[in-house]
file work.cif (mmCIF, N, CA and C atoms)
data_coords
#
loop_
_atom_site.label_atom_id
_atom_site.label_comp_id
_atom_site.auth_asym_id
_atom_site.auth_seq_id
_atom_site.Cartn_x
_atom_site.Cartn_y
_atom_site.Cartn_z
N MET A 1 0.84 -1.16 0.00
CA MET A 1 0.00 0.00 0.00
C MET A 1 0.89 1.23 0.00
N ILE A 2 0.64 2.09 -0.95
CA ILE A 2 1.43 3.30 -1.08
C ILE A 2 0.65 4.45 -0.46
N ARG A 3 1.35 5.15 0.36
CA ARG A 3 0.71 6.25 1.06
C ARG A 3 1.19 7.57 0.43
N THR A 4 0.23 8.42 0.11
CA THR A 4 0.60 9.72 -0.44
C THR A 4 0.12 10.80 0.51
N GLU A 5 0.89 11.83 0.62
CA GLU A 5 0.51 12.96 1.47
C GLU A 5 0.35 14.19 0.59
N THR A 6 -0.66 14.94 0.91
CA THR A 6 -0.88 16.17 0.18
C THR A 6 -0.31 17.31 1.00
N VAL A 7 0.50 18.09 0.38
CA VAL A 7 1.10 19.24 1.06
C VAL A 7 0.47 20.49 0.48
N ALA A 8 -0.04 21.31 1.36
CA ALA A 8 -0.67 22.54 0.90
C ALA A 8 0.41 23.57 0.61
N THR A 9 0.40 24.03 -0.60
CA THR A 9 1.37 25.04 -0.98
C THR A 9 0.81 26.42 -0.62
N PRO A 10 1.67 27.41 -0.49
CA PRO A 10 1.18 28.76 -0.18
C PRO A 10 0.15 29.24 -1.21
N ARG A 11 0.36 28.89 -2.45
CA ARG A 11 -0.59 29.31 -3.49
C ARG A 11 -1.95 28.64 -3.29
N ALA A 12 -1.93 27.37 -2.95
CA ALA A 12 -3.18 26.65 -2.72
C ALA A 12 -3.92 27.25 -1.52
N LEU A 13 -3.18 27.58 -0.48
CA LEU A 13 -3.80 28.19 0.70
C LEU A 13 -4.41 29.54 0.36
N SER A 14 -3.70 30.33 -0.44
CA SER A 14 -4.22 31.65 -0.78
C SER A 14 -5.48 31.53 -1.63
N CYS A 15 -5.56 30.50 -2.45
CA CYS A 15 -6.76 30.30 -3.27
C CYS A 15 -7.98 29.99 -2.40
N LEU A 16 -7.76 29.40 -1.25
CA LEU A 16 -8.86 29.09 -0.34
C LEU A 16 -9.12 30.24 0.63
N LEU A 17 -8.07 30.88 1.07
CA LEU A 17 -8.18 31.88 2.11
C LEU A 17 -8.72 33.21 1.59
N VAL A 18 -8.27 33.66 0.44
CA VAL A 18 -8.67 34.96 -0.09
C VAL A 18 -10.18 35.03 -0.33
N PRO A 19 -10.79 34.05 -1.01
CA PRO A 19 -12.25 34.15 -1.20
C PRO A 19 -13.01 34.14 0.13
N GLY A 20 -12.53 33.38 1.08
CA GLY A 20 -13.19 33.35 2.38
C GLY A 20 -13.12 34.68 3.09
N LEU A 21 -11.95 35.31 3.05
CA LEU A 21 -11.80 36.63 3.67
C LEU A 21 -12.63 37.68 2.95
N LEU A 22 -12.67 37.59 1.65
CA LEU A 22 -13.47 38.54 0.86
C LEU A 22 -14.95 38.40 1.20
N ALA A 23 -15.42 37.18 1.31
CA ALA A 23 -16.83 36.96 1.66
C ALA A 23 -17.13 37.49 3.06
N ALA A 24 -16.21 37.28 3.99
CA ALA A 24 -16.40 37.79 5.36
C ALA A 24 -16.43 39.31 5.37
N ALA A 25 -15.56 39.93 4.61
CA ALA A 25 -15.53 41.39 4.55
C ALA A 25 -16.82 41.95 3.95
N LEU A 26 -17.31 41.32 2.91
CA LEU A 26 -18.56 41.77 2.29
C LEU A 26 -19.73 41.59 3.25
N ALA A 27 -19.75 40.48 3.96
CA ALA A 27 -20.83 40.24 4.91
C ALA A 27 -20.78 41.27 6.03
N ALA A 28 -19.61 41.61 6.49
CA ALA A 28 -19.48 42.62 7.54
C ALA A 28 -19.95 43.98 7.05
N GLY A 29 -19.70 44.29 5.81
CA GLY A 29 -20.14 45.55 5.24
C GLY A 29 -21.65 45.65 5.16
N CYS A 30 -22.33 44.53 4.98
CA CYS A 30 -23.78 44.52 4.90
C CYS A 30 -24.43 44.68 6.26
N VAL A 31 -23.72 44.40 7.31
CA VAL A 31 -24.26 44.43 8.65
C VAL A 31 -24.23 45.84 9.24
N THR A 32 -23.36 46.70 8.73
CA THR A 32 -23.25 48.04 9.29
C THR A 32 -24.53 48.81 9.03
N SER A 33 -24.77 49.84 9.85
CA SER A 33 -25.99 50.61 9.70
C SER A 33 -25.92 51.48 8.45
N PRO A 34 -27.09 51.75 7.87
CA PRO A 34 -27.09 52.55 6.64
C PRO A 34 -26.66 53.98 6.94
N PRO A 35 -26.16 54.68 5.94
CA PRO A 35 -25.75 56.06 6.15
C PRO A 35 -26.93 56.91 6.62
N ALA A 36 -26.62 58.01 7.26
CA ALA A 36 -27.66 58.88 7.81
C ALA A 36 -28.62 59.36 6.73
N ALA A 37 -28.11 59.62 5.53
CA ALA A 37 -28.98 60.09 4.44
C ALA A 37 -30.06 59.07 4.12
N ASP A 38 -29.72 57.78 4.17
CA ASP A 38 -30.71 56.74 3.90
C ASP A 38 -31.77 56.69 5.00
N LYS A 39 -31.35 56.99 6.22
CA LYS A 39 -32.30 56.94 7.33
C LYS A 39 -33.28 58.11 7.31
N LEU A 40 -32.90 59.20 6.64
CA LEU A 40 -33.81 60.35 6.55
C LEU A 40 -35.12 59.95 5.88
N ALA A 41 -35.04 59.12 4.87
CA ALA A 41 -36.26 58.67 4.19
C ALA A 41 -37.15 57.88 5.14
N SER A 42 -36.55 57.06 5.98
CA SER A 42 -37.34 56.29 6.96
C SER A 42 -38.03 57.22 7.94
N ALA A 43 -37.32 58.25 8.36
CA ALA A 43 -37.91 59.22 9.29
C ALA A 43 -39.07 59.97 8.63
N ARG A 44 -38.87 60.39 7.40
CA ARG A 44 -39.95 61.09 6.68
C ARG A 44 -41.19 60.19 6.56
N GLU A 45 -40.96 58.92 6.24
CA GLU A 45 -42.08 57.98 6.11
C GLU A 45 -42.80 57.80 7.45
N ALA A 46 -42.04 57.66 8.53
CA ALA A 46 -42.64 57.48 9.86
C ALA A 46 -43.46 58.70 10.24
N ILE A 47 -42.93 59.89 9.96
CA ILE A 47 -43.66 61.12 10.27
C ILE A 47 -44.91 61.22 9.41
N GLY A 48 -44.80 60.85 8.15
CA GLY A 48 -45.96 60.86 7.26
C GLY A 48 -47.06 59.92 7.73
N ARG A 49 -46.67 58.70 8.14
CA ARG A 49 -47.66 57.74 8.65
C ARG A 49 -48.36 58.28 9.89
N ALA A 50 -47.58 58.85 10.80
CA ALA A 50 -48.15 59.39 12.03
C ALA A 50 -49.10 60.55 11.72
N ALA A 51 -48.71 61.40 10.78
CA ALA A 51 -49.57 62.54 10.42
C ALA A 51 -50.87 62.06 9.80
N LEU A 52 -50.78 61.07 8.88
CA LEU A 52 -51.99 60.53 8.26
C LEU A 52 -52.92 59.87 9.27
N ALA A 53 -52.33 59.29 10.29
CA ALA A 53 -53.13 58.61 11.32
C ALA A 53 -53.85 59.62 12.21
N GLY A 54 -53.37 60.86 12.23
CA GLY A 54 -53.99 61.87 13.09
C GLY A 54 -53.05 62.38 14.17
N GLY A 55 -51.77 62.21 13.98
CA GLY A 55 -50.79 62.62 14.98
C GLY A 55 -50.83 64.08 15.33
N ASP A 56 -51.13 64.96 14.37
CA ASP A 56 -51.17 66.39 14.67
C ASP A 56 -52.34 66.74 15.59
N THR A 57 -53.37 65.92 15.57
CA THR A 57 -54.53 66.15 16.44
C THR A 57 -54.35 65.49 17.81
N TYR A 58 -53.93 64.23 17.81
CA TYR A 58 -53.87 63.45 19.04
C TYR A 58 -52.51 63.47 19.75
N ALA A 59 -51.45 63.81 19.03
CA ALA A 59 -50.10 63.82 19.63
C ALA A 59 -49.26 64.96 19.05
N PRO A 60 -49.73 66.20 19.21
CA PRO A 60 -49.03 67.32 18.59
C PRO A 60 -47.61 67.53 19.12
N THR A 61 -47.39 67.27 20.38
CA THR A 61 -46.05 67.46 20.95
C THR A 61 -45.06 66.49 20.33
N GLU A 62 -45.45 65.24 20.20
CA GLU A 62 -44.57 64.23 19.62
C GLU A 62 -44.32 64.51 18.14
N MET A 63 -45.34 64.98 17.44
CA MET A 63 -45.18 65.31 16.02
C MET A 63 -44.20 66.48 15.85
N LEU A 64 -44.33 67.48 16.70
CA LEU A 64 -43.41 68.61 16.65
C LEU A 64 -41.98 68.15 16.93
N SER A 65 -41.84 67.28 17.92
CA SER A 65 -40.52 66.75 18.25
C SER A 65 -39.93 65.94 17.10
N ALA A 66 -40.75 65.14 16.46
CA ALA A 66 -40.27 64.33 15.33
C ALA A 66 -39.83 65.22 14.17
N ARG A 67 -40.64 66.22 13.87
CA ARG A 67 -40.28 67.12 12.75
C ARG A 67 -39.03 67.95 13.08
N SER A 68 -38.93 68.38 14.32
CA SER A 68 -37.73 69.14 14.73
C SER A 68 -36.49 68.27 14.66
N GLY A 69 -36.62 67.03 15.08
CA GLY A 69 -35.50 66.09 15.01
C GLY A 69 -35.06 65.85 13.58
N LEU A 70 -36.03 65.74 12.67
CA LEU A 70 -35.71 65.56 11.27
C LEU A 70 -34.98 66.79 10.72
N ASP A 71 -35.44 67.98 11.10
CA ASP A 71 -34.77 69.20 10.67
C ASP A 71 -33.33 69.25 11.18
N ARG A 72 -33.14 68.88 12.46
CA ARG A 72 -31.79 68.87 13.03
C ARG A 72 -30.91 67.83 12.34
N ALA A 73 -31.50 66.70 11.99
CA ALA A 73 -30.73 65.66 11.28
C ALA A 73 -30.28 66.16 9.92
N GLN A 74 -31.17 66.84 9.21
CA GLN A 74 -30.81 67.36 7.89
C GLN A 74 -29.71 68.41 8.00
N ALA A 75 -29.80 69.26 9.03
CA ALA A 75 -28.78 70.28 9.22
C ALA A 75 -27.43 69.64 9.54
N ALA A 76 -27.45 68.62 10.39
CA ALA A 76 -26.21 67.92 10.75
C ALA A 76 -25.61 67.22 9.54
N LEU A 77 -26.46 66.65 8.71
CA LEU A 77 -25.99 65.96 7.51
C LEU A 77 -25.32 66.95 6.55
N GLN A 78 -25.89 68.12 6.43
CA GLN A 78 -25.30 69.14 5.55
C GLN A 78 -23.92 69.59 6.07
N LYS A 79 -23.73 69.53 7.39
CA LYS A 79 -22.44 69.89 7.98
C LYS A 79 -21.46 68.72 7.95
N GLY A 80 -21.93 67.56 7.49
CA GLY A 80 -21.07 66.39 7.44
C GLY A 80 -20.98 65.64 8.75
N GLU A 81 -21.85 65.93 9.67
CA GLU A 81 -21.86 65.29 10.99
C GLU A 81 -22.75 64.05 10.94
N GLN A 82 -22.20 62.97 10.38
CA GLN A 82 -22.96 61.74 10.15
C GLN A 82 -23.54 61.16 11.44
N GLY A 83 -22.73 61.11 12.49
CA GLY A 83 -23.18 60.51 13.75
C GLY A 83 -24.35 61.27 14.36
N ILE A 84 -24.24 62.59 14.39
CA ILE A 84 -25.32 63.40 14.94
C ILE A 84 -26.56 63.27 14.06
N ALA A 85 -26.36 63.29 12.76
CA ALA A 85 -27.49 63.15 11.84
C ALA A 85 -28.20 61.82 12.05
N ARG A 86 -27.42 60.75 12.21
CA ARG A 86 -28.01 59.43 12.42
C ARG A 86 -28.80 59.40 13.73
N ASN A 87 -28.22 59.95 14.79
CA ASN A 87 -28.91 59.94 16.09
C ASN A 87 -30.20 60.76 16.04
N GLN A 88 -30.14 61.93 15.43
CA GLN A 88 -31.34 62.77 15.33
C GLN A 88 -32.42 62.10 14.48
N THR A 89 -31.99 61.43 13.44
CA THR A 89 -32.95 60.73 12.58
C THR A 89 -33.62 59.60 13.33
N GLU A 90 -32.83 58.84 14.07
CA GLU A 90 -33.40 57.73 14.85
C GLU A 90 -34.37 58.27 15.89
N GLN A 91 -34.03 59.38 16.54
CA GLN A 91 -34.93 59.97 17.53
C GLN A 91 -36.22 60.46 16.87
N ALA A 92 -36.11 61.03 15.68
CA ALA A 92 -37.30 61.49 14.95
C ALA A 92 -38.22 60.32 14.64
N VAL A 93 -37.65 59.18 14.25
CA VAL A 93 -38.46 57.99 13.97
C VAL A 93 -39.17 57.53 15.24
N VAL A 94 -38.45 57.50 16.34
CA VAL A 94 -39.05 57.06 17.62
C VAL A 94 -40.17 58.01 18.02
N ASP A 95 -39.95 59.32 17.88
CA ASP A 95 -41.00 60.29 18.22
C ASP A 95 -42.24 60.10 17.33
N ALA A 96 -42.02 59.85 16.05
CA ALA A 96 -43.14 59.63 15.14
C ALA A 96 -43.88 58.34 15.50
N GLN A 97 -43.15 57.30 15.85
CA GLN A 97 -43.78 56.05 16.25
C GLN A 97 -44.58 56.23 17.53
N LEU A 98 -44.05 57.03 18.46
CA LEU A 98 -44.79 57.31 19.70
C LEU A 98 -46.07 58.08 19.38
N ALA A 99 -45.98 59.05 18.48
CA ALA A 99 -47.17 59.80 18.09
C ALA A 99 -48.22 58.87 17.49
N GLU A 100 -47.77 57.98 16.63
CA GLU A 100 -48.71 57.03 16.01
C GLU A 100 -49.35 56.12 17.05
N ALA A 101 -48.57 55.69 18.02
CA ALA A 101 -49.11 54.84 19.09
C ALA A 101 -50.13 55.61 19.93
N LYS A 102 -49.85 56.88 20.18
CA LYS A 102 -50.80 57.70 20.95
C LYS A 102 -52.10 57.89 20.16
N VAL A 103 -52.00 58.02 18.86
CA VAL A 103 -53.19 58.13 18.03
C VAL A 103 -54.03 56.86 18.15
N ARG A 104 -53.37 55.71 18.01
CA ARG A 104 -54.11 54.44 18.12
C ARG A 104 -54.77 54.32 19.49
N ASN A 105 -54.05 54.71 20.52
CA ASN A 105 -54.59 54.64 21.88
C ASN A 105 -55.81 55.56 22.03
N ALA A 106 -55.70 56.80 21.56
CA ALA A 106 -56.81 57.74 21.67
C ALA A 106 -58.03 57.25 20.90
N LYS A 107 -57.80 56.71 19.72
CA LYS A 107 -58.92 56.19 18.91
C LYS A 107 -59.55 54.96 19.57
N ALA A 108 -58.72 54.12 20.17
CA ALA A 108 -59.25 52.95 20.86
C ALA A 108 -60.07 53.37 22.08
N GLN A 109 -59.58 54.37 22.80
CA GLN A 109 -60.34 54.87 23.96
C GLN A 109 -61.67 55.47 23.52
N ALA A 110 -61.67 56.21 22.40
CA ALA A 110 -62.90 56.80 21.89
C ALA A 110 -63.88 55.69 21.48
N ALA A 111 -63.39 54.65 20.85
CA ALA A 111 -64.25 53.54 20.45
C ALA A 111 -64.82 52.83 21.68
N ALA A 112 -63.99 52.66 22.69
CA ALA A 112 -64.47 52.01 23.92
C ALA A 112 -65.54 52.86 24.59
N GLU A 113 -65.35 54.17 24.60
CA GLU A 113 -66.35 55.06 25.20
C GLU A 113 -67.65 55.00 24.41
N ALA A 114 -67.56 54.93 23.08
CA ALA A 114 -68.76 54.82 22.26
C ALA A 114 -69.51 53.52 22.56
N LEU A 115 -68.76 52.45 22.76
CA LEU A 115 -69.41 51.17 23.12
C LEU A 115 -70.08 51.26 24.49
N ARG A 116 -69.44 51.92 25.44
CA ARG A 116 -70.05 52.10 26.77
C ARG A 116 -71.33 52.91 26.65
N ASP A 117 -71.30 53.96 25.84
CA ASP A 117 -72.50 54.78 25.65
C ASP A 117 -73.62 53.96 25.03
N SER A 118 -73.29 53.14 24.05
CA SER A 118 -74.29 52.28 23.42
C SER A 118 -74.88 51.30 24.43
N ARG A 119 -74.03 50.76 25.27
CA ARG A 119 -74.51 49.82 26.28
C ARG A 119 -75.46 50.52 27.25
N ARG A 120 -75.11 51.75 27.65
CA ARG A 120 -75.98 52.50 28.57
C ARG A 120 -77.35 52.76 27.93
N VAL A 121 -77.34 53.11 26.66
CA VAL A 121 -78.60 53.37 25.95
C VAL A 121 -79.44 52.09 25.90
N LEU A 122 -78.79 50.97 25.57
CA LEU A 122 -79.52 49.69 25.51
C LEU A 122 -80.06 49.30 26.89
N GLU A 123 -79.25 49.48 27.92
CA GLU A 123 -79.72 49.14 29.28
C GLU A 123 -80.90 50.02 29.68
N ALA A 124 -80.84 51.29 29.32
CA ALA A 124 -81.95 52.20 29.63
C ALA A 124 -83.21 51.77 28.88
N GLU A 125 -83.03 51.35 27.64
CA GLU A 125 -84.18 50.89 26.84
C GLU A 125 -84.79 49.63 27.46
N VAL A 126 -83.94 48.70 27.91
CA VAL A 126 -84.43 47.48 28.55
C VAL A 126 -85.18 47.84 29.83
N GLN A 127 -84.63 48.74 30.62
CA GLN A 127 -85.30 49.17 31.86
C GLN A 127 -86.66 49.81 31.58
N ARG A 128 -86.70 50.63 30.55
CA ARG A 128 -87.95 51.30 30.20
C ARG A 128 -89.00 50.31 29.80
N LYS A 129 -88.62 49.27 29.03
CA LYS A 129 -89.58 48.27 28.56
C LYS A 129 -90.02 47.36 29.70
N GLN A 130 -89.20 47.18 30.70
CA GLN A 130 -89.58 46.33 31.82
C GLN A 130 -90.54 47.03 32.76
N ASN A 131 -90.56 48.33 32.74
CA ASN A 131 -91.44 49.09 33.65
C ASN A 131 -92.73 49.35 33.02
#

call {"tool": "encode", "arguments": {"input": "work.cif", "output": "structure tokens"}}
result
Amino acid sequence: MIRTETVATPRALSCLLVPGLLAAALAAGCVTSPPAADKLASAREAIGRAALAGGDTYAPTEMLSARSGLDRAQAALQKGEQGIARNQTEQAVVDAQLAEAKVRNAKAQAAAEALRDSRRVLEAEVQRKQN
């Protein structure tokens, strides 16, 4: 029985190692957060959704905060302050989401109150018919 051994040459190792390192580097690049400019669109969308839901009526303070944060983010981006722009944009999104949640809560409370009123009317009608 003849035994053969395979010896990895430096060239063979580089053929295996380089593609693996390249793939790892590309994957790491995909994991990083998007630039602040890309996040501005997300903030605008969040503010738009909150406004359409009724945020200016039910959560005016949060809407003002979200819009102010977006303005500050745009100003920071124009100055090249990526980190500040990113933070302000993220805060604007959170403020808009809070406004939207407050709208849903206010509308749910109004619906619950309407149901309570309907129940009171029905109970009064039942009482009237029993007497």

call {"tool": "resolve_selection", "arguments": {"input": "work.cif", "expression": "the PyMOL selection byres ((chain A and resi 35-48) around 8)", "output": "JSON, numbers by chain"}}
result
{"A": [32, 33, 34, 49, 50, 51, 52, 53, 54, 63, 66, 67, 70, 73, 74, 77, 81, 82, 83, 84, 85, 86, 87, 89, 90, 91, 92, 93, 94, 95, 96, 97, 100]}

call {"tool": "write_last_selection", "arguments": {"input": "work.cif", "atoms": "N, CA and C atoms", "output": "short mmCIF file (atom, residue, chain, number, x, y, z; two decimals), in the coordinates of the input"}}
result
data_model
loop_
_atom_site.label_atom_id
_atom_site.label_comp_id
_atom_site.auth_asym_id
_atom_site.auth_seq_id
_atom_site.Cartn_x
_atom_site.Cartn_y
_atom_site.Cartn_z
N THR A 32 -23.36 46.70 8.73
CA THR A 32 -23.25 48.04 9.29
C THR A 32 -24.53 48.81 9.03
N SER A 33 -24.77 49.84 9.85
CA SER A 33 -25.99 50.61 9.70
C SER A 33 -25.92 51.48 8.45
N PRO A 34 -27.09 51.75 7.87
CA PRO A 34 -27.09 52.55 6.64
C PRO A 34 -26.66 53.98 6.94
N ARG A 49 -46.67 58.70 8.14
CA ARG A 49 -47.66 57.74 8.65
C ARG A 49 -48.36 58.28 9.89
N ALA A 50 -47.58 58.85 10.80
CA ALA A 50 -48.15 59.39 12.03
C ALA A 50 -49.10 60.55 11.72
N ALA A 51 -48.71 61.40 10.78
CA ALA A 51 -49.57 62.54 10.42
C ALA A 51 -50.87 62.06 9.80
N LEU A 52 -50.78 61.07 8.88
CA LEU A 52 -51.99 60.53 8.26
C LEU A 52 -52.92 59.87 9.27
N ALA A 53 -52.33 59.29 10.29
CA ALA A 53 -53.13 58.61 11.32
C ALA A 53 -53.85 59.62 12.21
N GLY A 54 -53.37 60.86 12.23
CA GLY A 54 -53.99 61.87 13.09
C GLY A 54 -53.05 62.38 14.17
N MET A 63 -45.34 64.98 17.44
CA MET A 63 -45.18 65.31 16.02
C MET A 63 -44.20 66.48 15.85
N ALA A 66 -40.75 65.14 16.46
CA ALA A 66 -40.27 64.33 15.33
C ALA A 66 -39.83 65.22 14.17
N ARG A 67 -40.64 66.22 13.87
CA ARG A 67 -40.28 67.12 12.75
C ARG A 67 -39.03 67.95 13.08
N LEU A 70 -36.03 65.74 12.67
CA LEU A 70 -35.71 65.56 11.27
C LEU A 70 -34.98 66.79 10.72
N ALA A 73 -31.50 66.70 11.99
CA ALA A 73 -30.73 65.66 11.28
C ALA A 73 -30.28 66.16 9.92
N GLN A 74 -31.17 66.84 9.21
CA GLN A 74 -30.81 67.36 7.89
C GLN A 74 -29.71 68.41 8.00
N LEU A 77 -26.46 66.65 8.71
CA LEU A 77 -25.99 65.96 7.51
C LEU A 77 -25.32 66.95 6.55
N GLU A 81 -21.85 65.93 9.67
CA GLU A 81 -21.86 65.29 10.99
C GLU A 81 -22.75 64.05 10.94
N GLN A 82 -22.20 62.97 10.38
CA GLN A 82 -22.96 61.74 10.15
C GLN A 82 -23.54 61.16 11.44
N GLY A 83 -22.73 61.11 12.49
CA GLY A 83 -23.18 60.51 13.75
C GLY A 83 -24.35 61.27 14.36
N ILE A 84 -24.24 62.59 14.39
CA ILE A 84 -25.32 63.40 14.94
C ILE A 84 -26.56 63.27 14.06
N ALA A 85 -26.36 63.29 12.76
CA ALA A 85 -27.49 63.15 11.84
C ALA A 85 -28.20 61.82 12.05
N ARG A 86 -27.42 60.75 12.21
CA ARG A 86 -28.01 59.43 12.42
C ARG A 86 -28.80 59.40 13.73
N ASN A 87 -28.22 59.95 14.79
CA ASN A 87 -28.91 59.94 16.09
C ASN A 87 -30.20 60.76 16.04
N THR A 89 -31.99 61.43 13.44
CA THR A 89 -32.95 60.73 12.58
C THR A 89 -33.62 59.60 13.33
N GLU A 90 -32.83 58.84 14.07
CA GLU A 90 -33.40 57.73 14.85
C GLU A 90 -34.37 58.27 15.89
N GLN A 91 -34.03 59.38 16.54
CA GLN A 91 -34.93 59.97 17.53
C GLN A 91 -36.22 60.46 16.87
N ALA A 92 -36.11 61.03 15.68
CA ALA A 92 -37.30 61.49 14.95
C ALA A 92 -38.22 60.32 14.64
N VAL A 93 -37.65 59.18 14.25
CA VAL A 93 -38.46 57.99 13.97
C VAL A 93 -39.17 57.53 15.24
N VAL A 94 -38.45 57.50 16.34
CA VAL A 94 -39.05 57.06 17.62
C VAL A 94 -40.17 58.01 18.02
N ASP A 95 -39.95 59.32 17.88
CA ASP A 95 -41.00 60.29 18.22
C ASP A 95 -42.24 60.10 17.33
N ALA A 96 -42.02 59.85 16.05
CA ALA A 96 -43.14 59.63 15.14
C ALA A 96 -43.88 58.34 15.50
N GLN A 97 -43.15 57.30 15.85
CA GLN A 97 -43.78 56.05 16.25
C GLN A 97 -44.58 56.23 17.53
N GLU A 100 -47.77 57.98 16.63
CA GLU A 100 -48.71 57.03 16.01
C GLU A 100 -49.35 56.12 17.05
#

call {"tool": "atom_distance", "arguments": {"input": "work.cif", "atom1": "atom N of Tyr58 (chain A)", "atom2": "atom N of Ala111 (chain A)"}}
result
13.8 Å

call {"tool": "atom_distance", "arguments": {"input": "work.cif", "atom1": "CA of Ala59 (chain A)", "atom2": "CA of Arg119 (chain A)"}}
result
28.9 Å

call {"tool": "atom_distance", "arguments": {"input": "work.cif", "atom1": "atom N of Glu62 (chain A)", "atom2": "atom N of Leu98 (chain A)"}}
result
8.5 Å

call {"tool": "closest_residue", "arguments": {"input": "work.cif", "among": "A:Val126, A:Ala99, A:Ala110, A:Val121", "to": "Thr61 (chain A)", "atoms": "only N, CA and C atoms"}}
result
A:Ala99
